[in-house]
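Data block for query-v8.txt (compact mmCIF, C-alpha atoms and all ligand atoms):
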```
# COMPACT_ATOMS: atom_id res chain seq x y z
CA MET A 885 66.64 -49.18 12.65
CA GLU A 886 68.50 -50.36 15.80
CA LYS A 887 71.62 -51.11 13.71
CA LEU A 888 71.49 -47.62 12.17
CA LYS A 889 71.19 -46.09 15.64
CA GLU A 890 74.28 -48.02 16.80
CA CYS A 891 76.23 -46.86 13.74
CA ILE A 892 75.27 -43.25 14.47
CA LEU A 893 76.37 -43.57 18.11
CA ASP A 894 79.74 -45.06 17.01
CA LEU A 895 80.26 -42.36 14.40
CA LYS A 896 79.36 -39.68 16.93
CA LYS A 897 82.14 -40.89 19.26
CA GLN A 898 84.63 -41.32 16.47
CA LYS A 899 84.03 -37.81 15.16
CA ASN A 900 83.76 -36.09 18.57
CA ALA A 901 80.29 -34.89 17.64
CA VAL A 902 77.29 -33.97 19.73
CA ILE A 903 73.65 -34.32 18.63
CA LEU A 904 71.21 -31.64 19.78
CA ALA A 905 67.55 -32.37 18.99
CA HIS A 906 64.29 -30.47 19.29
CA TYR A 907 61.19 -32.10 20.85
CA TYR A 908 59.50 -32.07 17.43
CA GLN A 909 61.98 -34.55 15.97
CA ALA A 910 60.94 -38.14 15.28
CA PRO A 911 61.29 -40.40 18.38
CA GLU A 912 64.15 -42.43 16.88
CA ILE A 913 66.17 -39.22 16.43
CA GLN A 914 65.39 -38.03 19.96
CA GLU A 915 66.66 -41.42 21.20
CA ILE A 916 70.16 -40.98 19.75
CA ALA A 917 70.48 -37.32 20.78
CA ASP A 918 72.79 -36.11 23.57
CA TYR A 919 70.29 -33.43 24.46
CA VAL A 920 66.62 -32.91 23.58
CA GLY A 921 64.97 -29.61 24.42
CA ASP A 922 63.10 -26.47 23.49
CA SER A 923 64.64 -23.56 21.61
CA LEU A 924 65.98 -21.89 24.75
CA GLY A 925 67.46 -25.09 26.18
CA LEU A 926 69.01 -25.91 22.83
CA SER A 927 70.69 -22.51 22.49
CA GLN A 928 71.91 -22.69 26.10
CA LYS A 929 73.37 -26.15 25.36
CA ALA A 930 74.86 -24.95 22.08
CA ALA A 931 76.65 -22.19 24.00
CA GLN A 932 78.38 -24.81 26.20
CA VAL A 933 79.34 -27.50 23.70
CA ASP A 934 82.97 -28.60 23.55
CA ALA A 935 82.68 -31.26 20.85
CA ALA A 936 84.20 -30.52 17.44
CA ILE A 937 80.98 -31.07 15.51
CA ILE A 938 77.40 -30.12 16.38
CA LEU A 939 74.77 -32.09 14.50
CA PHE A 940 71.55 -30.15 14.86
CA ALA A 941 68.46 -32.32 14.60
CA GLY A 942 66.03 -29.48 14.17
CA VAL A 943 65.45 -26.75 11.61
CA HIS A 944 67.77 -24.30 9.89
CA PHE A 945 67.38 -21.29 12.22
CA MET A 946 68.31 -23.51 15.19
CA ALA A 947 71.48 -24.78 13.52
CA GLU A 948 72.29 -21.22 12.47
CA THR A 949 71.96 -20.04 16.09
CA ALA A 950 74.33 -22.83 17.17
CA LYS A 951 76.81 -21.71 14.47
CA ILE A 952 76.58 -18.07 15.58
CA LEU A 953 77.46 -19.21 19.10
CA ASN A 954 80.21 -21.56 17.85
CA PRO A 955 81.95 -20.02 14.84
CA ASN A 956 84.93 -22.36 15.14
CA LYS A 957 82.93 -25.57 15.29
CA LYS A 958 81.40 -27.43 12.40
CA VAL A 959 77.59 -27.25 12.59
CA ILE A 960 75.75 -29.71 10.39
CA LEU A 961 72.04 -30.15 9.62
CA PRO A 962 70.73 -33.44 8.17
CA ASP A 963 68.56 -31.61 5.60
CA LEU A 964 69.31 -28.02 4.58
CA ASN A 965 65.70 -27.65 3.38
CA ALA A 966 64.44 -28.03 6.94
CA GLY A 967 63.26 -24.42 7.20
CA CYS A 968 60.44 -22.77 9.15
CA SER A 969 57.35 -20.88 8.00
CA LEU A 970 57.91 -18.24 10.67
CA ALA A 971 61.49 -17.60 9.57
CA ASP A 972 60.36 -17.51 5.91
CA SER A 973 57.63 -14.98 6.73
CA CYS A 974 60.21 -12.31 7.56
CA PRO A 975 62.48 -11.37 4.62
CA PRO A 976 65.42 -9.16 5.78
CA LEU A 977 65.07 -6.33 3.23
CA ILE A 978 61.36 -5.82 3.93
CA PHE A 979 61.93 -6.13 7.68
CA LYS A 980 64.67 -3.48 7.51
CA LYS A 981 62.15 -1.07 5.90
CA PHE A 982 59.60 -1.99 8.59
CA ILE A 983 62.15 -1.05 11.28
CA GLU A 984 62.94 2.22 9.49
CA ALA A 985 59.21 3.02 9.43
CA HIS A 986 59.16 2.69 13.24
CA PRO A 987 62.11 4.77 14.46
CA ASN A 988 63.21 4.62 18.11
CA HIS A 989 61.65 1.17 18.61
CA ILE A 990 63.56 -1.66 20.30
CA VAL A 991 63.50 -4.69 18.00
CA ILE A 992 62.77 -8.02 19.72
CA THR A 993 62.73 -11.09 17.51
CA TYR A 994 61.53 -14.58 18.28
CA ILE A 995 64.41 -17.01 17.76
CA ASN A 996 62.46 -18.57 14.84
CA CYS A 997 64.01 -16.19 12.29
CA SER A 998 67.07 -16.06 10.07
CA ALA A 999 70.53 -14.87 11.16
CA GLU A 1000 69.99 -11.74 8.99
CA ILE A 1001 66.87 -10.85 11.01
CA LYS A 1002 68.69 -11.50 14.30
CA ALA A 1003 71.43 -9.16 13.06
CA LEU A 1004 68.79 -6.40 12.79
CA SER A 1005 67.54 -7.04 16.36
CA HIS A 1006 68.34 -5.63 19.79
CA LEU A 1007 67.08 -8.72 21.62
CA VAL A 1008 66.16 -12.29 20.74
CA CYS A 1009 63.65 -14.36 22.73
CA THR A 1010 62.10 -17.82 22.72
CA SER A 1011 58.63 -18.91 23.78
CA SER A 1012 59.91 -19.72 27.28
CA ASN A 1013 61.45 -16.33 27.99
CA ALA A 1014 59.50 -13.92 25.73
CA GLU A 1015 57.64 -12.28 28.62
CA LYS A 1016 60.84 -11.80 30.62
CA ILE A 1017 62.74 -10.39 27.63
CA VAL A 1018 59.91 -7.97 26.80
CA ASN A 1019 59.67 -6.91 30.45
CA SER A 1020 63.43 -6.14 30.44
CA VAL A 1021 62.66 -3.15 28.19
CA PRO A 1022 61.46 -0.03 30.08
CA THR A 1023 57.73 0.50 29.50
CA ASN A 1024 58.23 3.95 27.92
CA ILE A 1025 60.27 2.46 25.06
CA PRO A 1026 58.19 1.18 22.12
CA ILE A 1027 58.91 -2.31 20.79
CA ILE A 1028 58.72 -4.04 17.42
CA PHE A 1029 58.09 -7.76 17.87
CA ALA A 1030 58.68 -10.22 15.00
CA PRO A 1031 58.05 -12.53 13.28
CA ASP A 1032 55.27 -14.35 15.21
CA LYS A 1033 52.10 -12.25 15.55
CA ASN A 1034 50.41 -14.91 17.72
CA LEU A 1035 53.20 -14.99 20.31
CA GLY A 1036 53.37 -11.18 20.03
CA ASN A 1037 49.63 -10.83 20.71
CA TYR A 1038 49.87 -13.18 23.66
CA ILE A 1039 52.79 -11.25 25.18
CA ASN A 1040 51.00 -7.92 24.55
CA GLN A 1041 48.07 -9.31 26.52
CA LYS A 1042 50.26 -10.61 29.36
CA THR A 1043 52.38 -7.49 29.71
CA GLY A 1044 49.85 -4.80 28.76
CA ARG A 1045 52.32 -3.54 26.10
CA LYS A 1046 51.29 -2.42 22.65
CA MET A 1047 54.19 -3.87 20.70
CA VAL A 1048 54.11 -3.34 16.94
CA LEU A 1049 53.75 -6.82 15.49
CA TRP A 1050 55.15 -8.32 12.30
CA ASP A 1051 52.53 -10.38 10.46
CA GLY A 1052 54.16 -13.82 10.60
CA SER A 1053 52.89 -17.15 11.85
CA CYS A 1054 53.64 -20.86 12.17
CA VAL A 1055 51.73 -23.01 9.66
CA VAL A 1056 51.56 -25.88 12.11
CA HIS A 1057 50.12 -23.94 15.07
CA GLU A 1058 47.72 -21.95 12.88
CA ALA A 1059 46.25 -25.21 11.58
CA PHE A 1060 44.48 -26.09 14.84
CA SER A 1061 40.71 -26.08 14.44
CA LEU A 1062 38.71 -24.42 17.21
CA ASP A 1063 35.49 -26.26 16.26
CA LYS A 1064 37.20 -29.64 16.32
CA LEU A 1065 38.99 -28.77 19.55
CA ILE A 1066 35.71 -27.86 21.26
CA ALA A 1067 34.08 -31.06 19.95
CA LEU A 1068 37.03 -33.11 21.22
CA HIS A 1069 36.86 -31.39 24.61
CA ARG A 1070 33.16 -32.27 24.82
CA LEU A 1071 34.14 -35.92 24.42
CA HIS A 1072 36.78 -35.50 27.15
CA PRO A 1073 35.42 -32.87 29.55
CA ASP A 1074 37.90 -33.98 32.22
CA ALA A 1075 40.89 -33.11 30.00
CA LYS A 1076 42.85 -29.86 30.40
CA ILE A 1077 43.80 -28.09 27.18
CA ILE A 1078 47.44 -26.98 27.00
CA ALA A 1079 48.76 -24.89 24.12
CA HIS A 1080 51.91 -23.41 22.62
CA PRO A 1081 51.79 -19.59 22.31
CA GLU A 1082 52.39 -19.83 18.54
CA SER A 1083 48.71 -20.89 18.41
CA GLU A 1084 46.01 -18.36 17.52
CA THR A 1085 44.25 -16.34 20.24
CA HIS A 1086 40.98 -18.34 20.01
CA ILE A 1087 42.91 -21.57 20.71
CA LEU A 1088 44.88 -19.96 23.55
CA GLU A 1089 41.64 -18.77 25.14
CA THR A 1090 40.58 -22.40 25.65
CA ALA A 1091 43.86 -23.38 27.34
CA SER A 1092 44.48 -23.98 31.03
CA TYR A 1093 48.22 -23.68 30.41
CA ILE A 1094 50.17 -21.82 27.72
CA GLY A 1095 53.91 -22.31 27.36
CA SER A 1096 56.93 -23.50 25.42
CA THR A 1097 57.43 -27.18 24.65
CA SER A 1098 59.51 -27.73 27.79
CA GLY A 1099 57.04 -25.62 29.79
CA MET A 1100 54.21 -27.89 28.62
CA ILE A 1101 56.12 -31.02 29.65
CA ALA A 1102 56.88 -29.53 33.07
CA TYR A 1103 53.20 -28.56 33.46
CA VAL A 1104 51.77 -32.04 32.77
CA LYS A 1105 54.33 -33.49 35.21
CA THR A 1106 53.31 -31.27 38.11
CA SER A 1107 49.61 -30.89 37.32
CA PRO A 1108 47.21 -32.96 39.47
CA PHE A 1109 45.11 -33.68 36.35
CA ALA A 1110 45.36 -36.95 34.46
CA LYS A 1111 44.25 -36.07 30.92
CA PHE A 1112 45.44 -33.35 28.53
CA ILE A 1113 44.62 -32.15 25.02
CA VAL A 1114 47.95 -30.96 23.64
CA ALA A 1115 47.98 -28.12 21.10
CA THR A 1116 51.46 -28.15 19.62
CA GLU A 1117 53.45 -30.22 17.15
CA ALA A 1118 52.95 -33.97 17.58
CA GLY A 1119 56.63 -34.76 18.18
CA ILE A 1120 56.34 -33.47 21.75
CA LEU A 1121 54.08 -36.38 22.70
CA TYR A 1122 57.02 -38.78 22.72
CA LYS A 1123 58.98 -37.13 25.56
CA MET A 1124 55.80 -35.91 27.25
CA GLN A 1125 54.38 -39.44 27.47
CA GLN A 1126 57.70 -40.71 28.86
CA ALA A 1127 57.48 -38.00 31.53
CA VAL A 1128 53.91 -38.97 32.51
CA PRO A 1129 53.38 -42.61 31.50
CA GLU A 1130 50.25 -42.88 33.65
CA LYS A 1131 48.49 -39.86 32.11
CA ILE A 1132 46.41 -39.60 28.92
CA LEU A 1133 47.66 -37.22 26.23
CA ILE A 1134 45.41 -36.38 23.29
CA PRO A 1135 46.75 -34.42 20.32
CA ALA A 1136 44.70 -31.33 19.42
CA PRO A 1137 43.03 -31.69 16.00
CA SER A 1138 44.06 -29.62 13.01
CA GLN A 1139 41.77 -28.27 10.27
CA GLU A 1140 42.63 -30.48 7.29
CA ASP A 1141 42.74 -33.56 9.37
CA ASN A 1142 39.68 -35.76 9.80
CA THR A 1143 41.41 -38.35 11.92
CA CYS A 1144 42.11 -35.97 14.82
CA ALA A 1145 45.85 -36.59 14.57
CA CYS A 1146 47.91 -33.67 15.84
CA SER A 1147 49.70 -31.37 13.40
CA GLU A 1148 53.17 -32.30 12.27
CA CYS A 1149 55.82 -29.84 11.14
CA GLY A 1150 56.91 -30.94 7.66
CA PHE A 1151 60.20 -29.08 8.10
CA MET A 1152 61.09 -30.79 11.37
CA LYS A 1153 60.14 -34.14 9.89
CA MET A 1154 62.52 -33.71 6.91
CA ASN A 1155 65.25 -35.07 9.19
CA THR A 1156 65.42 -38.86 9.24
CA LEU A 1157 67.72 -41.33 10.96
CA GLN A 1158 69.34 -42.17 7.61
CA LYS A 1159 69.95 -38.48 6.91
CA VAL A 1160 71.45 -38.08 10.40
CA TYR A 1161 73.85 -40.94 9.62
CA ASP A 1162 74.80 -39.57 6.18
CA CYS A 1163 75.25 -36.10 7.61
CA LEU A 1164 77.63 -37.32 10.33
CA GLN A 1165 79.51 -39.54 7.91
CA ASN A 1166 79.99 -36.77 5.30
CA GLU A 1167 80.13 -33.92 7.85
CA SER A 1168 77.72 -32.21 5.50
CA PRO A 1169 75.46 -30.32 4.79
CA GLU A 1170 77.20 -27.65 6.84
CA VAL A 1171 75.46 -24.51 8.11
CA THR A 1172 77.49 -21.34 7.67
CA VAL A 1173 76.94 -17.69 8.59
CA SER A 1174 78.99 -14.80 7.16
CA ILE A 1175 81.24 -13.00 9.67
CA GLY A 1176 79.42 -9.67 9.27
CA ILE A 1177 76.01 -11.18 10.04
CA ARG A 1178 77.38 -13.44 12.76
CA GLU A 1179 78.97 -10.62 14.73
CA LYS A 1180 75.73 -8.60 14.69
CA ALA A 1181 73.43 -11.57 15.35
CA LEU A 1182 75.53 -12.75 18.31
CA ILE A 1183 74.79 -9.58 20.33
CA PRO A 1184 70.99 -10.06 20.78
CA ILE A 1185 71.43 -13.82 21.30
CA GLU A 1186 74.00 -13.25 24.05
CA ARG A 1187 71.74 -10.62 25.64
CA MET A 1188 68.95 -13.21 25.70
CA LEU A 1189 71.19 -15.88 27.26
CA GLU A 1190 72.37 -13.40 29.90
CA LEU A 1191 68.79 -12.37 30.75
CA SER A 1192 67.73 -16.05 30.95
CA LYS A 1193 70.29 -17.12 33.57
P1 LIG A 1201 59.88 -24.14 21.66
O1 LIG A 1201 60.33 -25.55 21.66
O2 LIG A 1201 61.00 -23.21 22.03
O3 LIG A 1201 58.66 -23.94 22.48
O4 LIG A 1201 59.53 -23.74 20.14
C1 LIG A 1201 58.62 -24.37 19.37
C2 LIG A 1201 58.92 -24.27 17.92
O5 LIG A 1201 58.08 -24.03 17.12
C3 LIG A 1201 60.24 -24.53 17.47
O6 LIG A 1201 60.26 -24.38 16.13
FE1 LIG A 1202 58.65 -23.30 12.29
FE2 LIG A 1202 56.21 -23.93 13.14
FE3 LIG A 1202 57.82 -25.85 12.27
FE4 LIG A 1202 58.35 -24.62 14.60
S1 LIG A 1202 56.59 -25.91 14.14
S2 LIG A 1202 59.81 -25.09 12.98
S3 LIG A 1202 57.63 -22.56 14.14
S4 LIG A 1202 57.01 -24.17 11.03
```
Mind turning the file's structure into C-alpha cells?
Amino acid sequence: MEKLKECILDLKKQKNAVILAHYYQAPEIQEIADYVGDSLGLSQKAAQVDAAIILFAGVHFMAETAKILNPNKKVILPDLNAGCSLADSCPPLIFKKFIEAHPNHIVITYINCSAEIKALSHLVCTSSNAEKIVNSVPTNIPIIFAPDKNLGNYINQKTGRKMVLWDGSCVVHEAFSLDKLIALHRLHPDAKIIAHPESETHILETASYIGSTSGMIAYVKTSPFAKFIVATEAGILYKMQQAVPEKILIPAPSQEDNTCACSECGFMKMNTLQKVYDCLQNESPEVTVSIGIREKALIPIERMLELSK
C-alpha cells in the first residue's frame, strides 16, 4: 500500500493534478489527498484550484460540482458508479413537474443532487450553510427544498419556515437505529451524541450537536466532553480521531448491523487506492457536464459560495 501511495504522489506531481477528498473516503485515500473536507469546503477548494487535473475522491455529484466550477480543467473520478442515494432520489423530469406544481417558490437544493437538478435551482446549499442560505430568502417567499427531507425538516424546525420538501433521503443516515442508539447510550451515559442532519428526526432529537462533517469535527475538538457517539458515515472517524486523539469516539449503530459498527456509504467506498492510481494514470473516467446545464447550474452554486464567504 505504501508503494502505491508513493506512485500516486509522483503521478500527481507529474500530471499537475490535485486530489480533493471527502471525509467519508477510506483513510489511505484521505492520506494522499491535498485537501480533505466537507461538501462546502470541497466546493470552495474546487473554485480555487489551479492544477490542470482535479481527481475527486468522493461521489459523482461532488466531481460534477467541481467540473461546473472548472469547465476548462479535467475532472476525474476513480469510479463513475460512485453515486448517491439522495441524488438518485430526485429525477430531473419529475422534479421539474414538482416545481411547476408550486409556482412562485424559490428552489433551494442540497448539493447532493445532479447537475440537472442544480440547473433547476435558485440556490444550492450544503449541510454547513443550509440555515444561512434558507435565511437569505425573505420570509414571505415560499421555498421548495430538495432532495433531503431530513435536512429540510431540521431546517424548517430551526428557521420556523414551512418549506415544501422533496421526499428524498440518504440510505446511510436513515439506517441508524434509535433503539440500538438508546441502548448504546445507556452503556455510555457519559457520552454526547452528535449527528449529521441527514439523519431522521428521532435520531436528531437525541443529539447534543447537529452539524456537517466538518462541524462535527470542530465540535468534538472544542467540547469539554471526552466521549462521543457519532451518527454519520464511519469514514469521518479517521480525521476526527486524529483531531482528538485523547477522546473516545463510538460509531452510532445502524439497523442491519449487529456488531454496532457505524454505517458505511457503499458509494463513497467504491473508490480505492488502486482505482485512484489507475484514474490518474489514464486520466479517466472523466466527469463531464453539457454547456447548457453547466451554465444554469453554475448560478446557484456561485450564489451559495458568495453567501458563504
Ligand atoms: P457534508 O460532509 O457536507 O456534511 O456532507 C455529508 C454527505 O453526505 C456527503 O455526501
Ligand atoms: Fe449520498 Fe448518503 Fe453516501 Fe452522502 S453518505 S454520498 S448522502 S448516500
From the list A:His1072, A:Lys1111, A:Asn1024, A:Asn1034, which residue is nearest Leu1088 in chain A when using all atoms listed in the file?
->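 Of A:His1072, A:Lys1111, A:Asn1024, A:Asn1034, the one nearest Leu1088 in chain A is A:Asn1034, counting all atoms listed in the file.
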Could the residues that lie within 10 Å of ligand LIG 1201 (chain A), counting all atoms listed in the file, be listed as a PyMOL selection string?
-> chain A and resi 906-908+920-927+942-946+967-971+994-997+1009-1013+1054-1057+1080-1083+1095-1100+1116-1117+1120+1149+1151-1152
Would you kindly return, as a short mmCIF file (atom, residue, chain, number, x, y, z; two decimals) with C-alpha atoms, keeping the file's coordinate frame, each protein, DNA or RNA residue with an atom no farther than 9 Å from any atom of Phe1109 in chain A, considering only C-alpha atoms and excluding same-chain residues fewer than 5 positions away?
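Generated output (out.cif):
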```cif
data_model
loop_
_atom_site.label_atom_id
_atom_site.label_comp_id
_atom_site.auth_asym_id
_atom_site.auth_seq_id
_atom_site.Cartn_x
_atom_site.Cartn_y
_atom_site.Cartn_z
CA ASP A 1074 37.90 -33.98 32.22
CA ALA A 1075 40.89 -33.11 30.00
CA LYS A 1076 42.85 -29.86 30.40
CA VAL A 1104 51.77 -32.04 32.77
CA LYS A 1131 48.49 -39.86 32.11
#
```
Find the spatial neighbours of range 1182-1193 of chain A, counting all atoms listed in the file, within a cut-off of 7 Å - ignore same-chain residues fewer than 4 positions away - and output them as a PDB file with C-alpha atoms, in the coordinates of the input.
```
ATOM      1  CA  GLN A 928      71.910 -22.690  26.100  1.00  0.00           C
ATOM      2  CA  ILE A 952      76.580 -18.070  15.580  1.00  0.00           C
ATOM      3  CA  LEU A 953      77.460 -19.210  19.100  1.00  0.00           C
ATOM      4  CA  SER A1005      67.540  -7.040  16.360  1.00  0.00           C
ATOM      5  CA  HIS A1006      68.340  -5.630  19.790  1.00  0.00           C
ATOM      6  CA  LEU A1007      67.080  -8.720  21.620  1.00  0.00           C
ATOM      7  CA  VAL A1008      66.160 -12.290  20.740  1.00  0.00           C
ATOM      8  CA  CYS A1009      63.650 -14.360  22.730  1.00  0.00           C
ATOM      9  CA  ASN A1013      61.450 -16.330  27.990  1.00  0.00           C
ATOM     10  CA  ARG A1178      77.380 -13.440  12.760  1.00  0.00           C
TER      11      ARG A1178
END
```
Might you pull out every residue within 12 Å of Ile1177 in chain A, with all atoms listed in the file counted and same-chain residues fewer than 3 positions away left off, and present them as a list in words?
-> Glu948, Thr949, Lys951, Ile952, Pro955, Pro976, Ser998, Ala999, Glu1000, Ile1001, Lys1002, Ala1003, Leu1004, Ser1005, Thr1172, Val1173, Ser1174, Lys1180, Ala1181, Leu1182, Ile1183 and Pro1184 of chain A
Can you list every residue of range 918-989 of chain A that has an atom at most 12 Å from range 1153-1166 of chain A, with its nearest atom pair and the distance in Å to one decimal, using all atoms listed in the file, ordered by chain then number, as a Markdown table?
```
| residue | atom | partner | partner_atom | distance |
| --- | --- | --- | --- | --- |
| A:Ala936 | CA | A:Leu1164 | CA | 11.8 |
| A:Ile937 | CA | A:Leu1164 | CA | 8.8 |
| A:Ile938 | CA | A:Leu1164 | CA | 9.4 |
| A:Leu939 | CA | A:Leu1164 | CA | 7.3 |
| A:Phe940 | CA | A:Val1160 | CA | 9.1 |
| A:Ala941 | CA | A:Asn1155 | CA | 6.9 |
| A:Gly942 | CA | A:Asn1155 | CA | 7.5 |
| A:Val943 | CA | A:Asn1155 | CA | 8.7 |
| A:His944 | CA | A:Asn1155 | CA | 11.1 |
| A:Lys958 | CA | A:Leu1164 | CA | 10.8 |
| A:Val959 | CA | A:Leu1164 | CA | 10.3 |
| A:Ile960 | CA | A:Cys1163 | CA | 7.0 |
| A:Leu961 | CA | A:Cys1163 | CA | 7.1 |
| A:Pro962 | CA | A:Val1160 | CA | 5.2 |
| A:Asp963 | CA | A:Asn1155 | CA | 6.0 |
| A:Leu964 | CA | A:Met1154 | CA | 9.2 |
| A:Asn965 | CA | A:Met1154 | CA | 7.7 |
| A:Ala966 | CA | A:Met1154 | CA | 6.0 |
| A:Gly967 | CA | A:Met1154 | CA | 9.3 |
| A:Cys968 | CA | A:Met1154 | CA | 11.4 |
```
